[in-house]
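In what follows, a single structure is set out as structure tokens and then discussed.
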Amino acid sequence: MFDSLMIAADLFRYAEEDLLGVRLLLTPLEDLAWPLAAGLLLPSLWLLLTPQEER
């Protein structure tokens, strides 16, 4: 929602030719992919790099 407010206030713009066209309120779907990717990839990376105990 914060992104939509910033877009509505015209603080920044996206090049329309670079967007898929899917939006949530005013926020392009691509803008929401970064937090989702970080939420999935960072815990996976943490597990991958954590030494495993010997059994």
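Chain labels A, B, ... are given in the sequence in which chains occur in the structure tokens; within each chain residues are numbered consecutively from 1, and ligands are likewise numbered from 1 in the order shown.
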
> Could you name the residues that touch stretch 18-21 of chain A at 10 Å or less, counting only C-alpha atoms, but leaving out those on the same chain fewer than 3 positions away, as a list in words?
Replying inline: Tyr14, Ala15, Pro28, Leu29, Glu30 and Asp31 of chain A

Which of chain A end up as alpha helix (DSSP H) when DSSP is run on this backbone - answer as a PDB file with N, CA, C and O atoms, in the first residue's frame?
```
ATOM      1  N   PHE A   2       2.001   1.196   0.713  1.00  0.00           N
ATOM      2  CA  PHE A   2       2.886   2.363   0.752  1.00  0.00           C
ATOM      3  C   PHE A   2       3.397   2.701  -0.640  1.00  0.00           C
ATOM      4  O   PHE A   2       3.493   3.876  -1.002  1.00  0.00           O
ATOM      5  N   ASP A   3       3.697   1.675  -1.434  1.00  0.00           N
ATOM      6  CA  ASP A   3       4.150   1.914  -2.806  1.00  0.00           C
ATOM      7  C   ASP A   3       3.065   2.624  -3.620  1.00  0.00           C
ATOM      8  O   ASP A   3       3.363   3.533  -4.391  1.00  0.00           O
ATOM      9  N   SER A   4       1.829   2.212  -3.434  1.00  0.00           N
ATOM     10  CA  SER A   4       0.727   2.843  -4.164  1.00  0.00           C
ATOM     11  C   SER A   4       0.594   4.318  -3.796  1.00  0.00           C
ATOM     12  O   SER A   4       0.301   5.153  -4.654  1.00  0.00           O
ATOM     13  N   LEU A   5       0.803   4.652  -2.526  1.00  0.00           N
ATOM     14  CA  LEU A   5       0.741   6.052  -2.104  1.00  0.00           C
ATOM     15  C   LEU A   5       1.859   6.872  -2.740  1.00  0.00           C
ATOM     16  O   LEU A   5       1.640   8.007  -3.169  1.00  0.00           O
ATOM     17  N   MET A   6       3.044   6.293  -2.816  1.00  0.00           N
ATOM     18  CA  MET A   6       4.169   7.009  -3.437  1.00  0.00           C
ATOM     19  C   MET A   6       3.931   7.191  -4.934  1.00  0.00           C
ATOM     20  O   MET A   6       4.265   8.234  -5.499  1.00  0.00           O
ATOM     21  N   ILE A   7       3.361   6.185  -5.574  1.00  0.00           N
ATOM     22  CA  ILE A   7       3.054   6.289  -7.003  1.00  0.00           C
ATOM     23  C   ILE A   7       1.967   7.333  -7.219  1.00  0.00           C
ATOM     24  O   ILE A   7       2.049   8.157  -8.138  1.00  0.00           O
ATOM     25  N   ALA A   8       0.940   7.332  -6.361  1.00  0.00           N
ATOM     26  CA  ALA A   8      -0.149   8.312  -6.478  1.00  0.00           C
ATOM     27  C   ALA A   8       0.363   9.726  -6.261  1.00  0.00           C
ATOM     28  O   ALA A   8      -0.125  10.675  -6.895  1.00  0.00           O
ATOM     29  N   LEU A  29       3.118  -5.613 -10.281  1.00  0.00           N
ATOM     30  CA  LEU A  29       3.440  -6.921  -9.719  1.00  0.00           C
ATOM     31  C   LEU A  29       4.941  -7.114  -9.555  1.00  0.00           C
ATOM     32  O   LEU A  29       5.402  -7.706  -8.577  1.00  0.00           O
ATOM     33  N   GLU A  30       5.719  -6.581 -10.482  1.00  0.00           N
ATOM     34  CA  GLU A  30       7.165  -6.731 -10.421  1.00  0.00           C
ATOM     35  C   GLU A  30       7.755  -6.088  -9.160  1.00  0.00           C
ATOM     36  O   GLU A  30       8.740  -6.561  -8.615  1.00  0.00           O
ATOM     37  N   ASP A  31       7.141  -5.018  -8.697  1.00  0.00           N
ATOM     38  CA  ASP A  31       7.627  -4.330  -7.508  1.00  0.00           C
ATOM     39  C   ASP A  31       7.415  -5.181  -6.254  1.00  0.00           C
ATOM     40  O   ASP A  31       8.163  -5.065  -5.285  1.00  0.00           O
ATOM     41  N   LEU A  32       6.422  -6.032  -6.274  1.00  0.00           N
ATOM     42  CA  LEU A  32       6.123  -6.883  -5.126  1.00  0.00           C
ATOM     43  C   LEU A  32       6.923  -8.185  -5.130  1.00  0.00           C
ATOM     44  O   LEU A  32       6.940  -8.906  -4.136  1.00  0.00           O
ATOM     45  N   ALA A  33       7.585  -8.485  -6.225  1.00  0.00           N
ATOM     46  CA  ALA A  33       8.333  -9.739  -6.334  1.00  0.00           C
ATOM     47  C   ALA A  33       9.588  -9.729  -5.471  1.00  0.00           C
ATOM     48  O   ALA A  33      10.017 -10.781  -5.000  1.00  0.00           O
ATOM     49  N   TRP A  34      10.209  -8.566  -5.254  1.00  0.00           N
ATOM     50  CA  TRP A  34      11.450  -8.511  -4.467  1.00  0.00           C
ATOM     51  C   TRP A  34      11.258  -8.967  -3.027  1.00  0.00           C
ATOM     52  O   TRP A  34      12.020  -9.804  -2.545  1.00  0.00           O
ATOM     53  N   PRO A  35      10.273  -8.465  -2.287  1.00  0.00           N
ATOM     54  CA  PRO A  35      10.095  -8.957  -0.916  1.00  0.00           C
ATOM     55  C   PRO A  35       9.729 -10.435  -0.872  1.00  0.00           C
ATOM     56  O   PRO A  35      10.159 -11.165   0.026  1.00  0.00           O
ATOM     57  N   LEU A  36       8.955 -10.890  -1.831  1.00  0.00           N
ATOM     58  CA  LEU A  36       8.588 -12.303  -1.879  1.00  0.00           C
ATOM     59  C   LEU A  36       9.812 -13.170  -2.131  1.00  0.00           C
ATOM     60  O   LEU A  36      10.023 -14.183  -1.454  1.00  0.00           O
ATOM     61  N   ALA A  37      10.645 -12.780  -3.071  1.00  0.00           N
ATOM     62  CA  ALA A  37      11.865 -13.540  -3.361  1.00  0.00           C
ATOM     63  C   ALA A  37      12.797 -13.547  -2.160  1.00  0.00           C
ATOM     64  O   ALA A  37      13.376 -14.585  -1.817  1.00  0.00           O
ATOM     65  N   ALA A  38      12.949 -12.408  -1.505  1.00  0.00           N
ATOM     66  CA  ALA A  38      13.822 -12.337  -0.329  1.00  0.00           C
ATOM     67  C   ALA A  38      13.284 -13.215   0.791  1.00  0.00           C
ATOM     68  O   ALA A  38      14.044 -13.912   1.475  1.00  0.00           O
ATOM     69  N   GLY A  39      11.979 -13.219   0.984  1.00  0.00           N
ATOM     70  CA  GLY A  39      11.365 -14.037   2.024  1.00  0.00           C
ATOM     71  C   GLY A  39      11.524 -15.523   1.786  1.00  0.00           C
ATOM     72  O   GLY A  39      11.548 -16.315   2.732  1.00  0.00           O
ATOM     73  N   LEU A  40      11.632 -15.926   0.542  1.00  0.00           N
ATOM     74  CA  LEU A  40      11.814 -17.339   0.210  1.00  0.00           C
ATOM     75  C   LEU A  40      13.286 -17.736   0.116  1.00  0.00           C
ATOM     76  O   LEU A  40      13.684 -18.801   0.564  1.00  0.00           O
ATOM     77  N   LEU A  41      14.091 -16.875  -0.477  1.00  0.00           N
ATOM     78  CA  LEU A  41      15.480 -17.234  -0.744  1.00  0.00           C
ATOM     79  C   LEU A  41      16.400 -17.076   0.467  1.00  0.00           C
ATOM     80  O   LEU A  41      17.308 -17.891   0.654  1.00  0.00           O
ATOM     81  N   LEU A  42      16.212 -16.057   1.278  1.00  0.00           N
ATOM     82  CA  LEU A  42      17.109 -15.854   2.410  1.00  0.00           C
ATOM     83  C   LEU A  42      17.045 -16.988   3.437  1.00  0.00           C
ATOM     84  O   LEU A  42      18.096 -17.463   3.872  1.00  0.00           O
ATOM     85  N   PRO A  43      15.863 -17.459   3.850  1.00  0.00           N
ATOM     86  CA  PRO A  43      15.848 -18.611   4.761  1.00  0.00           C
ATOM     87  C   PRO A  43      16.458 -19.866   4.126  1.00  0.00           C
ATOM     88  O   PRO A  43      17.129 -20.649   4.809  1.00  0.00           O
ATOM     89  N   SER A  44      16.253 -20.049   2.836  1.00  0.00           N
ATOM     90  CA  SER A  44      16.841 -21.207   2.155  1.00  0.00           C
ATOM     91  C   SER A  44      18.360 -21.108   2.148  1.00  0.00           C
ATOM     92  O   SER A  44      19.060 -22.102   2.373  1.00  0.00           O
ATOM     93  N   LEU A  45      18.873 -19.925   1.907  1.00  0.00           N
ATOM     94  CA  LEU A  45      20.313 -19.707   1.920  1.00  0.00           C
ATOM     95  C   LEU A  45      20.879 -19.931   3.323  1.00  0.00           C
ATOM     96  O   LEU A  45      21.943 -20.517   3.489  1.00  0.00           O
ATOM     97  N   TRP A  46      20.160 -19.484   4.330  1.00  0.00           N
ATOM     98  CA  TRP A  46      20.571 -19.681   5.722  1.00  0.00           C
ATOM     99  C   TRP A  46      20.704 -21.183   6.030  1.00  0.00           C
ATOM    100  O   TRP A  46      21.691 -21.628   6.592  1.00  0.00           O
ATOM    101  N   LEU A  47      19.706 -21.965   5.638  1.00  0.00           N
ATOM    102  CA  LEU A  47      19.753 -23.416   5.879  1.00  0.00           C
ATOM    103  C   LEU A  47      20.879 -24.074   5.097  1.00  0.00           C
ATOM    104  O   LEU A  47      21.533 -24.991   5.591  1.00  0.00           O
ATOM    105  N   LEU A  48      21.104 -23.611   3.885  1.00  0.00           N
ATOM    106  CA  LEU A  48      22.149 -24.184   3.052  1.00  0.00           C
ATOM    107  C   LEU A  48      23.539 -23.921   3.631  1.00  0.00           C
ATOM    108  O   LEU A  48      24.412 -24.781   3.579  1.00  0.00           O
ATOM    109  N   LEU A  49      23.742 -22.756   4.208  1.00  0.00           N
ATOM    110  CA  LEU A  49      25.067 -22.377   4.697  1.00  0.00           C
ATOM    111  C   LEU A  49      25.300 -22.710   6.164  1.00  0.00           C
ATOM    112  O   LEU A  49      26.418 -22.569   6.647  1.00  0.00           O
TER     113      LEU A  49
END
```
